[in-house]
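query29.pdb (PDB, C-alpha atoms) appears below.
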```pdb
MODEL        1
ATOM      1  CA  MET A   1      89.718 271.826 -98.645
ATOM      2  CA  SER A   2      92.043 273.923-100.807
ATOM      3  CA  ASP A   3      95.820 273.816-100.343
ATOM      4  CA  TRP A   4      95.758 277.311 -98.844
ATOM      5  CA  THR A   5      93.007 276.501 -96.317
ATOM      6  CA  LEU A   6      94.892 273.380 -95.238
ATOM      7  CA  ILE A   7      98.115 275.355 -94.789
ATOM      8  CA  ILE A   8      96.368 278.065 -92.784
ATOM      9  CA  TYR A   9      94.808 275.485 -90.446
ATOM     10  CA  CYS A  10      98.174 273.767 -89.998
ATOM     11  CA  GLY A  11      99.788 277.153 -89.365
ATOM     12  CA  LEU A  12      97.127 277.976 -86.787
ATOM     13  CA  ILE A  13      97.518 274.723 -84.891
ATOM     14  CA  THR A  14     101.319 275.097 -84.920
ATOM     15  CA  PHE A  15     101.020 278.645 -83.595
ATOM     16  CA  LEU A  16      98.434 277.705 -80.966
ATOM     17  CA  THR A  17     100.526 274.887 -79.460
ATOM     18  CA  ARG A  18     103.326 277.427 -78.999
ATOM     19  CA  PHE A  19     101.091 280.297 -77.871
ATOM     20  CA  SER A  20      98.608 278.524 -75.581
ATOM     21  CA  MET A  21     101.048 277.812 -72.777
ATOM     22  CA  ILE A  22     102.685 281.223 -72.990
ATOM     23  CA  ALA A  23      99.346 282.998 -72.881
ATOM     24  CA  LEU A  24      97.297 280.841 -70.518
ATOM     25  CA  LEU A  25      99.630 278.948 -68.265
ATOM     26  CA  LYS A  26      99.305 279.112 -64.565
ATOM     27  CA  LYS A  27     102.341 277.457 -63.066
ATOM     28  CA  GLU A  28     100.528 274.695 -61.221
ATOM     29  CA  MET A  29      98.955 273.396 -64.467
ATOM     30  CA  PHE A  30     102.140 271.563 -65.434
ATOM     31  CA  ASN A  31     103.517 269.321 -62.760
ATOM     32  CA  ASP A  32     106.860 267.539 -63.073
ATOM     33  CA  ARG A  33     105.164 264.328 -64.147
ATOM     34  CA  ILE A  34     103.532 265.949 -67.206
ATOM     35  CA  ARG A  35     106.811 267.695 -68.075
ATOM     36  CA  GLU A  36     108.643 264.384 -67.855
ATOM     37  CA  VAL A  37     106.217 262.597 -70.179
ATOM     38  CA  LEU A  38     106.162 265.499 -72.655
ATOM     39  CA  SER A  39     109.945 265.279 -72.888
ATOM     40  CA  TYR A  40     109.407 261.915 -74.622
ATOM     41  CA  VAL A  41     107.278 263.440 -77.393
ATOM     42  CA  PRO A  42     110.164 263.607 -79.943
ATOM     43  CA  SER A  43     111.063 259.930 -79.304
ATOM     44  CA  ALA A  44     107.402 258.975 -79.628
ATOM     45  CA  ILE A  45     106.607 260.858 -82.813
ATOM     46  CA  PHE A  46     109.641 261.019 -85.111
ATOM     47  CA  PRO A  47     109.962 257.213 -85.499
ATOM     48  CA  ALA A  48     106.421 257.245 -86.931
ATOM     49  CA  ILE A  49     107.913 259.121 -89.877
ATOM     50  CA  ILE A  50     111.327 257.402 -89.897
ATOM     51  CA  PHE A  51     110.258 253.724 -89.928
ATOM     52  CA  PRO A  52     107.717 253.801 -92.801
ATOM     53  CA  ALA A  53     110.105 255.936 -94.889
ATOM     54  CA  ILE A  54     112.868 253.353 -94.490
ATOM     55  CA  PHE A  55     111.114 249.990 -94.416
ATOM     56  CA  LEU A  56     108.186 250.490 -96.818
ATOM     57  CA  ASP A  57     108.428 250.602-100.605
ATOM     58  CA  ASN A  58     106.442 252.895-102.900
ATOM     59  CA  THR A  59     103.344 250.723-102.655
ATOM     60  CA  GLY A  60     103.384 250.664 -98.842
ATOM     61  CA  SER A  61     104.453 247.030 -98.412
ATOM     62  CA  ILE A  62     107.297 246.111 -96.086
ATOM     63  CA  GLN A  63     110.553 245.606 -97.953
ATOM     64  CA  ILE A  64     113.411 244.065 -95.960
ATOM     65  CA  GLU A  65     115.508 242.359 -98.639
ATOM     66  CA  ASP A  66     117.323 244.359-101.274
ATOM     67  CA  ASN A  67     116.581 247.654 -99.511
ATOM     68  CA  PRO A  68     119.597 250.028 -99.435
ATOM     69  CA  LYS A  69     117.740 252.443 -97.150
ATOM     70  CA  ILE A  70     118.028 250.047 -94.209
ATOM     71  CA  LEU A  71     121.828 249.885 -94.372
ATOM     72  CA  GLY A  72     122.025 253.639 -95.058
ATOM     73  CA  ALA A  73     119.905 254.401 -91.989
ATOM     74  CA  PHE A  74     121.870 251.930 -89.879
ATOM     75  CA  ILE A  75     125.194 253.563 -90.799
ATOM     76  CA  ALA A  76     123.698 257.007 -90.124
ATOM     77  CA  MET A  77     122.532 255.818 -86.706
ATOM     78  CA  ILE A  78     125.979 254.462 -85.760
ATOM     79  CA  VAL A  79     127.649 257.696 -86.922
ATOM     80  CA  GLY A  80     125.032 259.644 -84.963
ATOM     81  CA  ILE A  81     125.641 257.701 -81.761
ATOM     82  CA  LEU A  82     129.433 258.039 -82.078
ATOM     83  CA  THR A  83     129.666 261.693 -83.148
ATOM     84  CA  ARG A  84     126.380 263.226 -81.905
ATOM     85  CA  ASN A  85     126.736 265.420 -84.967
ATOM     86  CA  ILE A  86     123.578 266.108 -86.985
ATOM     87  CA  ILE A  87     125.322 266.950 -90.273
ATOM     88  CA  ALA A  88     127.612 263.896 -90.088
ATOM     89  CA  THR A  89     124.575 261.690 -89.406
ATOM     90  CA  ILE A  90     122.600 262.933 -92.421
ATOM     91  CA  PHE A  91     125.503 262.869 -94.856
ATOM     92  CA  SER A  92     126.920 259.484 -93.833
ATOM     93  CA  GLY A  93     123.448 258.006 -94.412
ATOM     94  CA  LEU A  94     123.016 259.685 -97.796
ATOM     95  CA  ALA A  95     126.567 258.830 -98.912
ATOM     96  CA  SER A  96     126.219 255.142 -98.060
ATOM     97  CA  TYR A  97     122.788 255.037 -99.745
ATOM     98  CA  TRP A  98     124.204 256.587-102.926
ATOM     99  CA  PHE A  99     127.178 254.222-102.781
ATOM    100  CA  LEU A 100     124.779 251.256-102.617
ATOM    101  CA  ILE A 101     122.503 252.362-105.459
ATOM    102  CA  PHE A 102     125.094 253.825-107.834
ATOM    103  CA  VAL A 103     128.309 251.887-107.220
ATOM    104  CA  VAL A 104     127.505 248.429-105.850
TER     105      VAL A 104
ATOM    106  CA  MET B   1     125.747 299.912 -78.452
ATOM    107  CA  ASN B   2     122.271 299.855 -76.954
ATOM    108  CA  SER B   3     121.990 297.069 -74.365
ATOM    109  CA  ASN B   4     118.714 295.751 -75.815
ATOM    110  CA  PHE B   5     120.346 295.362 -79.180
ATOM    111  CA  LYS B   6     123.236 293.532 -77.511
ATOM    112  CA  ILE B   7     120.822 290.914 -76.103
ATOM    113  CA  PHE B   8     119.203 290.532 -79.532
ATOM    114  CA  LEU B   9     122.661 290.116 -81.097
ATOM    115  CA  LYS B  10     123.666 287.585 -78.443
ATOM    116  CA  GLY B  11     120.615 285.518 -79.434
ATOM    117  CA  ILE B  12     121.735 285.582 -83.067
ATOM    118  CA  ILE B  13     125.301 284.547 -82.189
ATOM    119  CA  ASP B  14     124.236 281.790 -79.782
ATOM    120  CA  VAL B  15     121.833 280.148 -82.236
ATOM    121  CA  SER B  16     124.168 280.293 -85.258
ATOM    122  CA  PRO B  17     125.904 276.907 -84.804
ATOM    123  CA  LEU B  18     122.469 275.247 -84.660
ATOM    124  CA  MET B  19     121.642 276.733 -88.062
ATOM    125  CA  ILE B  20     124.048 274.430 -89.935
ATOM    126  CA  PRO B  21     121.675 271.411 -90.007
ATOM    127  CA  VAL B  22     118.731 273.689 -90.811
ATOM    128  CA  VAL B  23     120.288 274.473 -94.205
ATOM    129  CA  PRO B  24     119.973 270.967 -95.721
ATOM    130  CA  PHE B  25     116.594 270.532 -93.973
ATOM    131  CA  GLY B  26     115.197 273.692 -95.619
ATOM    132  CA  LEU B  27     116.585 272.695 -99.008
ATOM    133  CA  ILE B  28     115.051 269.217 -98.693
ATOM    134  CA  TYR B  29     111.697 270.741 -97.754
ATOM    135  CA  GLY B  30     111.693 272.948-100.860
ATOM    136  CA  ILE B  31     112.775 270.152-103.193
ATOM    137  CA  LEU B  32     110.211 267.741-101.744
ATOM    138  CA  ALA B  33     107.373 270.276-101.899
ATOM    139  CA  ILE B  34     107.869 270.679-105.648
ATOM    140  CA  ASP B  35     108.336 266.919-105.972
ATOM    141  CA  VAL B  36     104.890 266.134-104.483
ATOM    142  CA  GLY B  37     103.298 268.651-106.834
ATOM    143  CA  LEU B  38     102.793 271.845-104.833
ATOM    144  CA  SER B  39     103.071 275.096-106.735
ATOM    145  CA  PRO B  40     106.130 277.208-105.795
ATOM    146  CA  LEU B  41     103.827 279.877-104.338
ATOM    147  CA  VAL B  42     101.986 277.406-102.061
ATOM    148  CA  ALA B  43     105.291 275.809-101.016
ATOM    149  CA  MET B  44     106.749 279.188-100.022
ATOM    150  CA  GLY B  45     103.482 280.216 -98.363
ATOM    151  CA  MET B  46     103.678 277.135 -96.166
ATOM    152  CA  SER B  47     107.157 278.102 -94.912
ATOM    153  CA  LEU B  48     105.916 281.603 -94.092
ATOM    154  CA  ILE B  49     102.631 280.567 -92.442
ATOM    155  CA  VAL B  50     103.540 277.337 -90.640
ATOM    156  CA  PHE B  51     107.267 278.020 -89.999
ATOM    157  CA  GLY B  52     108.077 274.589 -88.559
ATOM    158  CA  GLY B  53     110.292 272.042 -90.330
ATOM    159  CA  ALA B  54     108.850 268.818 -88.926
ATOM    160  CA  SER B  55     105.255 270.047 -89.370
ATOM    161  CA  GLN B  56     105.864 271.017 -92.970
ATOM    162  CA  ILE B  57     107.535 267.719 -93.898
ATOM    163  CA  ILE B  58     104.803 265.575 -92.323
ATOM    164  CA  LEU B  59     102.217 267.742 -94.052
ATOM    165  CA  LEU B  60     103.908 267.035 -97.408
ATOM    166  CA  GLN B  61     104.195 263.309 -96.770
ATOM    167  CA  LEU B  62     100.573 262.844 -95.721
ATOM    168  CA  PHE B  63      99.397 265.177 -98.492
ATOM    169  CA  SER B  64     101.207 263.139-101.145
ATOM    170  CA  GLY B  65      99.901 259.913 -99.554
ATOM    171  CA  GLY B  66      96.338 261.143-100.012
ATOM    172  CA  ALA B  67      95.430 261.603 -96.337
ATOM    173  CA  SER B  68      92.364 263.666 -95.474
ATOM    174  CA  SER B  69      92.675 267.246 -94.228
ATOM    175  CA  LEU B  70      91.486 266.296 -90.760
ATOM    176  CA  VAL B  71      94.190 263.625 -90.411
ATOM    177  CA  ILE B  72      96.855 266.008 -91.734
ATOM    178  CA  ILE B  73      95.853 268.757 -89.316
ATOM    179  CA  SER B  74      95.710 266.442 -86.298
ATOM    180  CA  SER B  75      99.060 264.844 -87.202
ATOM    181  CA  VAL B  76     100.603 268.332 -87.391
ATOM    182  CA  GLY B  77      99.033 269.025 -83.998
ATOM    183  CA  ALA B  78     100.531 265.814 -82.563
ATOM    184  CA  ILE B  79     103.993 266.679 -83.941
ATOM    185  CA  ASN B  80     103.687 270.115 -82.362
ATOM    186  CA  SER B  81     102.602 268.924 -78.937
ATOM    187  CA  ARG B  82     106.260 269.177 -77.854
ATOM    188  CA  HIS B  83     105.866 272.949 -78.156
ATOM    189  CA  LEU B  84     103.418 272.860 -75.234
ATOM    190  CA  LEU B  85     106.433 271.971 -73.125
ATOM    191  CA  TYR B  86     108.540 274.788 -74.594
ATOM    192  CA  GLY B  87     105.737 277.290 -73.995
ATOM    193  CA  ALA B  88     105.304 276.080 -70.428
ATOM    194  CA  VAL B  89     109.025 276.536 -69.733
ATOM    195  CA  VAL B  90     109.283 279.938 -71.424
ATOM    196  CA  SER B  91     106.025 281.337 -70.013
ATOM    197  CA  GLU B  92     107.452 282.122 -66.583
ATOM    198  CA  HIS B  93     110.138 284.301 -68.195
ATOM    199  CA  VAL B  94     107.801 286.291 -70.424
ATOM    200  CA  SER B  95     104.663 286.540 -68.267
ATOM    201  CA  ASP B  96     104.968 290.346 -67.879
ATOM    202  CA  LEU B  97     105.247 291.110 -71.580
ATOM    203  CA  LYS B  98     102.584 292.723 -73.737
ATOM    204  CA  LEU B  99     100.349 290.436 -75.803
ATOM    205  CA  VAL B 100     101.963 291.502 -79.082
ATOM    206  CA  TRP B 101     105.384 290.306 -77.854
ATOM    207  CA  LYS B 102     103.859 287.029 -76.670
ATOM    208  CA  ILE B 103     102.480 286.522 -80.182
ATOM    209  CA  ILE B 104     105.844 287.320 -81.794
ATOM    210  CA  ILE B 105     107.692 285.012 -79.399
ATOM    211  CA  SER B 106     105.188 282.198 -80.046
ATOM    212  CA  TYR B 107     105.727 282.443 -83.796
ATOM    213  CA  PHE B 108     109.506 282.245 -83.254
ATOM    214  CA  LEU B 109     109.423 279.496 -80.593
ATOM    215  CA  ILE B 110     111.002 276.665 -82.591
ATOM    216  CA  ASP B 111     113.295 273.884 -81.334
ATOM    217  CA  GLN B 112     116.620 275.629 -81.904
ATOM    218  CA  ALA B 113     115.592 279.045 -80.553
ATOM    219  CA  PHE B 114     114.037 277.402 -77.498
ATOM    220  CA  ALA B 115     117.155 275.327 -76.814
ATOM    221  CA  ILE B 116     119.555 278.281 -76.669
ATOM    222  CA  SER B 117     117.279 280.865 -75.028
ATOM    223  CA  ASN B 118     116.176 278.450 -72.327
ATOM    224  CA  LYS B 119     119.836 278.231 -71.269
ATOM    225  CA  TYR B 120     120.198 282.009 -71.436
ATOM    226  CA  PHE B 121     117.022 282.649 -69.406
ATOM    227  CA  LYS B 122     118.239 280.393 -66.611
ATOM    228  CA  LYS B 123     121.491 282.356 -66.267
ATOM    229  CA  ASN B 124     120.277 285.919 -66.815
ATOM    230  CA  ASN B 125     117.635 287.905 -65.043
ATOM    231  CA  ASN B 126     117.297 291.002 -67.118
ATOM    232  CA  LYS B 127     113.897 292.549 -67.888
ATOM    233  CA  ASN B 128     114.622 292.490 -71.626
ATOM    234  CA  LYS B 129     116.048 288.972 -71.821
ATOM    235  CA  TYR B 130     113.166 287.954 -74.088
ATOM    236  CA  LEU B 131     115.016 289.777 -76.894
ATOM    237  CA  HIS B 132     117.501 286.883 -76.864
ATOM    238  CA  LEU B 133     114.713 284.552 -78.009
ATOM    239  CA  VAL B 134     113.558 287.097 -80.578
ATOM    240  CA  GLY B 135     117.139 287.286 -81.965
ATOM    241  CA  GLY B 136     117.513 283.504 -82.114
ATOM    242  CA  GLY B 137     114.044 282.974 -83.580
ATOM    243  CA  PHE B 138     114.545 285.693 -86.176
ATOM    244  CA  THR B 139     117.818 284.075 -87.280
ATOM    245  CA  CYS B 140     116.086 280.691 -87.696
ATOM    246  CA  TRP B 141     113.316 282.419 -89.635
ATOM    247  CA  VAL B 142     115.731 284.015 -92.114
ATOM    248  CA  VAL B 143     117.657 280.757 -92.632
ATOM    249  CA  TRP B 144     114.466 278.689 -93.029
ATOM    250  CA  GLN B 145     112.843 281.061 -95.544
ATOM    251  CA  THR B 146     116.054 281.413 -97.583
ATOM    252  CA  THR B 147     116.776 277.682 -97.769
ATOM    253  CA  SER B 148     113.112 276.791 -98.502
ATOM    254  CA  PHE B 149     113.202 279.303-101.341
ATOM    255  CA  LEU B 150     116.456 277.850-102.739
ATOM    256  CA  GLY B 151     115.044 274.330-102.437
ATOM    257  CA  ILE B 152     111.904 275.336-104.330
ATOM    258  CA  ILE B 153     114.027 276.787-107.144
ATOM    259  CA  LEU B 154     116.340 273.752-107.184
ATOM    260  CA  GLY B 155     113.346 271.403-106.910
ATOM    261  CA  SER B 156     112.724 271.141-110.610
ATOM    262  CA  ALA B 157     116.440 270.814-111.425
ATOM    263  CA  ILE B 158     117.329 267.885-109.159
ATOM    264  CA  PRO B 159     116.845 264.414-110.687
ATOM    265  CA  GLU B 160     114.466 262.117-108.834
ATOM    266  CA  LYS B 161     116.997 259.302-109.246
ATOM    267  CA  LEU B 162     119.135 260.788-106.465
ATOM    268  CA  GLY B 163     116.528 259.587-103.973
ATOM    269  CA  LEU B 164     116.730 262.770-101.916
ATOM    270  CA  SER B 165     113.463 261.884-100.185
ATOM    271  CA  PHE B 166     115.618 259.470 -98.141
ATOM    272  CA  ALA B 167     117.081 262.590 -96.507
ATOM    273  CA  VAL B 168     113.753 263.048 -94.678
ATOM    274  CA  PRO B 169     114.009 259.993 -92.371
ATOM    275  CA  LEU B 170     117.739 260.708 -92.000
ATOM    276  CA  THR B 171     117.028 264.242 -90.810
ATOM    277  CA  PHE B 172     114.587 263.016 -88.175
ATOM    278  CA  LEU B 173     117.010 260.265 -87.191
ATOM    279  CA  ALA B 174     119.653 262.949 -86.687
ATOM    280  CA  ILE B 175     117.334 264.924 -84.388
ATOM    281  CA  LEU B 176     117.059 261.837 -82.168
ATOM    282  CA  VAL B 177     120.812 261.032 -81.896
ATOM    283  CA  ASN B 178     120.991 262.041 -78.240
ATOM    284  CA  ASP B 179     118.105 259.718 -77.387
ATOM    285  CA  PHE B 180     119.744 256.534 -78.692
ATOM    286  CA  ARG B 181     121.827 256.250 -75.513
ATOM    287  CA  LYS B 182     118.853 256.246 -73.127
ATOM    288  CA  ILE B 183     117.061 252.945 -72.661
ATOM    289  CA  ILE B 184     113.528 254.319 -72.158
ATOM    290  CA  ASN B 185     113.890 256.479 -75.260
ATOM    291  CA  VAL B 186     115.112 253.511 -77.303
ATOM    292  CA  ILE B 187     112.089 251.425 -76.276
ATOM    293  CA  VAL B 188     109.715 254.324 -77.020
ATOM    294  CA  ILE B 189     111.386 254.786 -80.437
ATOM    295  CA  LEU B 190     110.978 251.084 -81.281
ATOM    296  CA  VAL B 191     107.331 250.927 -80.160
ATOM    297  CA  SER B 192     106.346 254.010 -82.128
ATOM    298  CA  GLY B 193     108.335 253.000 -85.222
ATOM    299  CA  LEU B 194     107.023 249.441 -85.342
ATOM    300  CA  VAL B 195     103.402 250.533 -84.810
ATOM    301  CA  ALA B 196     103.755 253.028 -87.686
ATOM    302  CA  MET B 197     105.471 250.526 -89.966
ATOM    303  CA  PHE B 198     103.048 247.634 -89.425
ATOM    304  CA  GLY B 199     100.004 249.887 -89.060
ATOM    305  CA  TYR B 200     100.708 251.920 -92.196
ATOM    306  CA  ASN B 201      98.363 249.820 -94.327
ATOM    307  CA  TYR B 202      95.870 248.835 -91.635
ATOM    308  CA  ILE B 203      95.237 251.962 -89.580
ATOM    309  CA  PRO B 204      92.475 253.843 -91.396
ATOM    310  CA  TYR B 205      92.691 257.398 -92.735
ATOM    311  CA  LYS B 206      96.529 257.392 -92.645
ATOM    312  CA  ALA B 207      96.240 258.077 -88.924
ATOM    313  CA  TYR B 208      99.336 255.927 -88.296
ATOM    314  CA  VAL B 209     101.382 258.940 -87.126
ATOM    315  CA  ILE B 210      98.888 259.759 -84.389
ATOM    316  CA  VAL B 211      98.353 256.136 -83.334
ATOM    317  CA  ALA B 212     102.109 255.426 -83.243
ATOM    318  CA  ALA B 213     102.866 258.590 -81.262
ATOM    319  CA  PHE B 214     100.129 257.739 -78.795
ATOM    320  CA  ALA B 215     101.495 254.194 -78.359
ATOM    321  CA  GLY B 216     104.981 255.648 -77.810
ATOM    322  CA  LEU B 217     103.799 258.122 -75.183
ATOM    323  CA  VAL B 218     101.814 255.486 -73.295
ATOM    324  CA  THR B 219     104.967 253.345 -73.272
ATOM    325  CA  ALA B 220     106.939 256.287 -71.855
ATOM    326  CA  LEU B 221     104.235 256.852 -69.250
ATOM    327  CA  ILE B 222     104.355 253.218 -68.098
ATOM    328  CA  LEU B 223     108.158 252.868 -68.171
ATOM    329  CA  THR B 224     108.873 256.089 -66.268
ATOM    330  CA  LYS B 225     106.356 255.055 -63.626
ATOM    331  CA  MET B 226     107.866 251.572 -63.293
ATOM    332  CA  ILE B 227     111.364 252.973 -62.834
ATOM    333  CA  LYS B 228     110.192 255.286 -60.065
ATOM    334  CA  LYS B 229     108.622 252.444 -58.100
ATOM    335  CA  GLN B 230     111.857 250.527 -57.895
TER     336      GLN B 230
ENDMDL
END
```
In structure tokens, write the structure found in this file.
Amino acid sequence: MSDWTLIIYCGLITFLTRFSMIALLKKEMFNDRIREVLSYVPSAIFPAIIFPAIFLDNTGSIQIEDNPKILGAFIAMIVGILTRNIIATIFSGLASYWFLIFVV
Amino acid sequence: MNSNFKIFLKGIIDVSPLMIPVVPFGLIYGILAIDVGLSPLVAMGMSLIVFGGASQIILLQLFSGGASSLVIISSVGAINSRHLLYGAVVSEHVSDLKLVWKIIISYFLIDQAFAISNKYFKKNNNKNKYLHLVGGGFTCWVVWQTTSFLGIILGSAIPEKLGLSFAVPLTFLAILVNDFRKIINVIVILVSGLVAMFGYNYIPYKAYVIVAAFAGLVTALILTKMIKKQ
């Protein structure tokens, strides 16, 4: 599949998840129970990107020791919990990561 | 001033504070796209066609990891399943609109625009309130395209040593900050994360995103049911 075909398919599926409910929904199709479970989708899916990106090295093996990303992510998480500020969370994580790889 | 334009403008103003984190996210997307070897034209085309930050980043990561097209497309679908909820919530407010407006609104229905217009829809009952979502979505669109473009240009100039790819997990971590205080969310986060981390090398076809998300949702299903029984 060429890059463009792949992008068009991904664009289509993104559009269709947004459009399908707007175009087809009859109110009774979504009860409160389904709404409740769908509200957990972000918590269920984003960690699948976060954890491998932090804990795995370039070869895909788990790296716990000597891994500045773990401390960087931990600091970002604490800042995030305390401030609830997205920018502060991202930059505190990056700053502590850079401090660990360039200064320490 | 025309009252329709006022609603559109209100959408732009309401969504603006939420645009601040989109700026680094768009830049990171552009930089990363060049980093994994996409041509600038393809990278920009993806922002225009897909128009979804999380979808585009996961597409890049799986693409650079050598996943098959089918796995990439279904992972993008899994990431987007949260939009089913947004569509379901918005649909009752836009059910009388013409098809062309439903298509435009669907293209613009991203996290930030949904968050602010959902609040507005609950408080206002004007026939043209959908223009609020169009205003918010349009603003996100302009910011996303501009910052992707800047990132693509900067992409070749930023040294790899900076480790900017670490900004990707940080950005997703930041999206979840409000969930760290809720116990069910924390358990779901841990289940999904650990399944992805330990399954990365063992789950075939790089389908770890789908498997981990599924495990997380099943956990949410069980936990919410258990809490209700008590």
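The nearest approach to Ala54 (chain B) among the residues A:Ile64, A:Val103, A:Pro42, A:Asn58, with all atoms listed in the file taken into account, belongs to A:Pro42.
Here CA of Ile152 (chain B) is placed at a distance of 6.3 Å from CA of Ile34 (chain B).
Shortest atom-to-atom contact with Trp98 (chain A) among B:Lys98, B:Phe166, B:Lys206, B:Val191: B:Phe166, counting only C-alpha atoms.
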Test item: the PyMOL selection byres ((chain B and resi 31) around 12) resolved as an MDAnalysis selection string: chainID B and resid 24:30 32:40 43:44 57 60 147:160 162:165 167:168
Residue contacts of Arg33 (chain A) (12 Å, all atoms listed in the file) excluding same-chain residues fewer than 4 positions away, as a compact mmCIF listing (two decimals) with C-alpha atoms, keeping the file's coordinate frame:
```
# COMPACT_ATOMS: atom_id res chain seq x y z
CA GLU A 28 100.53 274.70 -61.22
CA MET A 29 98.96 273.40 -64.47
CA VAL A 37 106.22 262.60 -70.18
CA LEU A 38 106.16 265.50 -72.66
CA SER A 39 109.94 265.28 -72.89
CA TYR A 40 109.41 261.92 -74.62
CA LEU B 85 106.43 271.97 -73.12
CA ALA B 220 106.94 256.29 -71.86
CA LEU B 221 104.24 256.85 -69.25
CA ILE B 222 104.36 253.22 -68.10
CA THR B 224 108.87 256.09 -66.27
CA LYS B 225 106.36 255.06 -63.63
CA LYS B 228 110.19 255.29 -60.06
```
Do you know which residues are at most 9 Å from region 133-135 of chain B counting all atoms listed in the file, after dropping those on the same chain fewer than 5 positions away, and could you put them as a list in words? Ile7, Phe8, Leu9, Lys10, Gly11, Ile12, Ile13, Val15, Ile104, Ile105, Phe108, Leu109, Ala113, Phe114, Ile116, Ser117, Asn118, Tyr120 and Cys140 of chain B
Contacts of Ser96 (chain A) within 8 Å, all atoms listed in the file, excl. fewer than 2 positions in-chain, as a VMD selection string: chain A and resid 71 to 72 75 92 to 94 98 to 100
Separation of CA of Ser95 (chain B) from CA of Tyr107 (chain B), in Å and rounded to one decimal: 16.1 Å
Please, could N, CA and C atoms be added to region 63-76 of chain B and the result written as a JSON list (two decimals), keeping the file's coordinate frame?
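Okay, this is what ended up in selection_11.json:
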```
[["chain", "number", "residue", "atom", "x", "y", "z"],
["B", 63, "PHE", "N", 100.07, 264.58, -97.34],
["B", 63, "PHE", "CA", 99.40, 265.18, -98.49],
["B", 63, "PHE", "C", 99.64, 264.33, -99.74],
["B", 64, "SER", "N", 100.90, 263.93, -99.95],
["B", 64, "SER", "CA", 101.21, 263.14, -101.14],
["B", 64, "SER", "C", 100.67, 261.72, -101.01],
["B", 65, "GLY", "N", 100.47, 261.24, -99.76],
["B", 65, "GLY", "CA", 99.90, 259.91, -99.55],
["B", 65, "GLY", "C", 98.39, 259.90, -99.62],
["B", 66, "GLY", "N", 97.77, 261.06, -99.84],
["B", 66, "GLY", "CA", 96.34, 261.14, -100.01],
["B", 66, "GLY", "C", 95.55, 261.14, -98.71],
["B", 67, "ALA", "N", 96.17, 261.56, -97.60],
["B", 67, "ALA", "CA", 95.43, 261.60, -96.34],
["B", 67, "ALA", "C", 94.42, 262.75, -96.35],
["B", 68, "SER", "N", 93.38, 262.61, -95.51],
["B", 68, "SER", "CA", 92.36, 263.67, -95.47],
["B", 68, "SER", "C", 92.88, 264.86, -94.70],
["B", 69, "SER", "N", 92.23, 266.02, -94.89],
["B", 69, "SER", "CA", 92.68, 267.25, -94.23],
["B", 69, "SER", "C", 92.66, 267.11, -92.72],
["B", 70, "LEU", "N", 91.61, 266.44, -92.21],
["B", 70, "LEU", "CA", 91.49, 266.30, -90.76],
["B", 70, "LEU", "C", 92.67, 265.52, -90.18],
["B", 71, "VAL", "N", 93.06, 264.43, -90.87],
["B", 71, "VAL", "CA", 94.19, 263.62, -90.41],
["B", 71, "VAL", "C", 95.49, 264.43, -90.50],
["B", 72, "ILE", "N", 95.63, 265.20, -91.59],
["B", 72, "ILE", "CA", 96.86, 266.01, -91.73],
["B", 72, "ILE", "C", 96.95, 267.02, -90.60],
["B", 73, "ILE", "N", 95.83, 267.72, -90.35],
["B", 73, "ILE", "CA", 95.85, 268.76, -89.32],
["B", 73, "ILE", "C", 96.10, 268.15, -87.93],
["B", 74, "SER", "N", 95.47, 267.01, -87.63],
["B", 74, "SER", "CA", 95.71, 266.44, -86.30],
["B", 74, "SER", "C", 97.11, 265.85, -86.17],
["B", 75, "SER", "N", 97.68, 265.33, -87.28],
["B", 75, "SER", "CA", 99.06, 264.84, -87.20],
["B", 75, "SER", "C", 100.02, 266.00, -86.95],
["B", 76, "VAL", "N", 99.78, 267.14, -87.62],
["B", 76, "VAL", "CA", 100.60, 268.33, -87.39],
["B", 76, "VAL", "C", 100.47, 268.76, -85.92]]
```
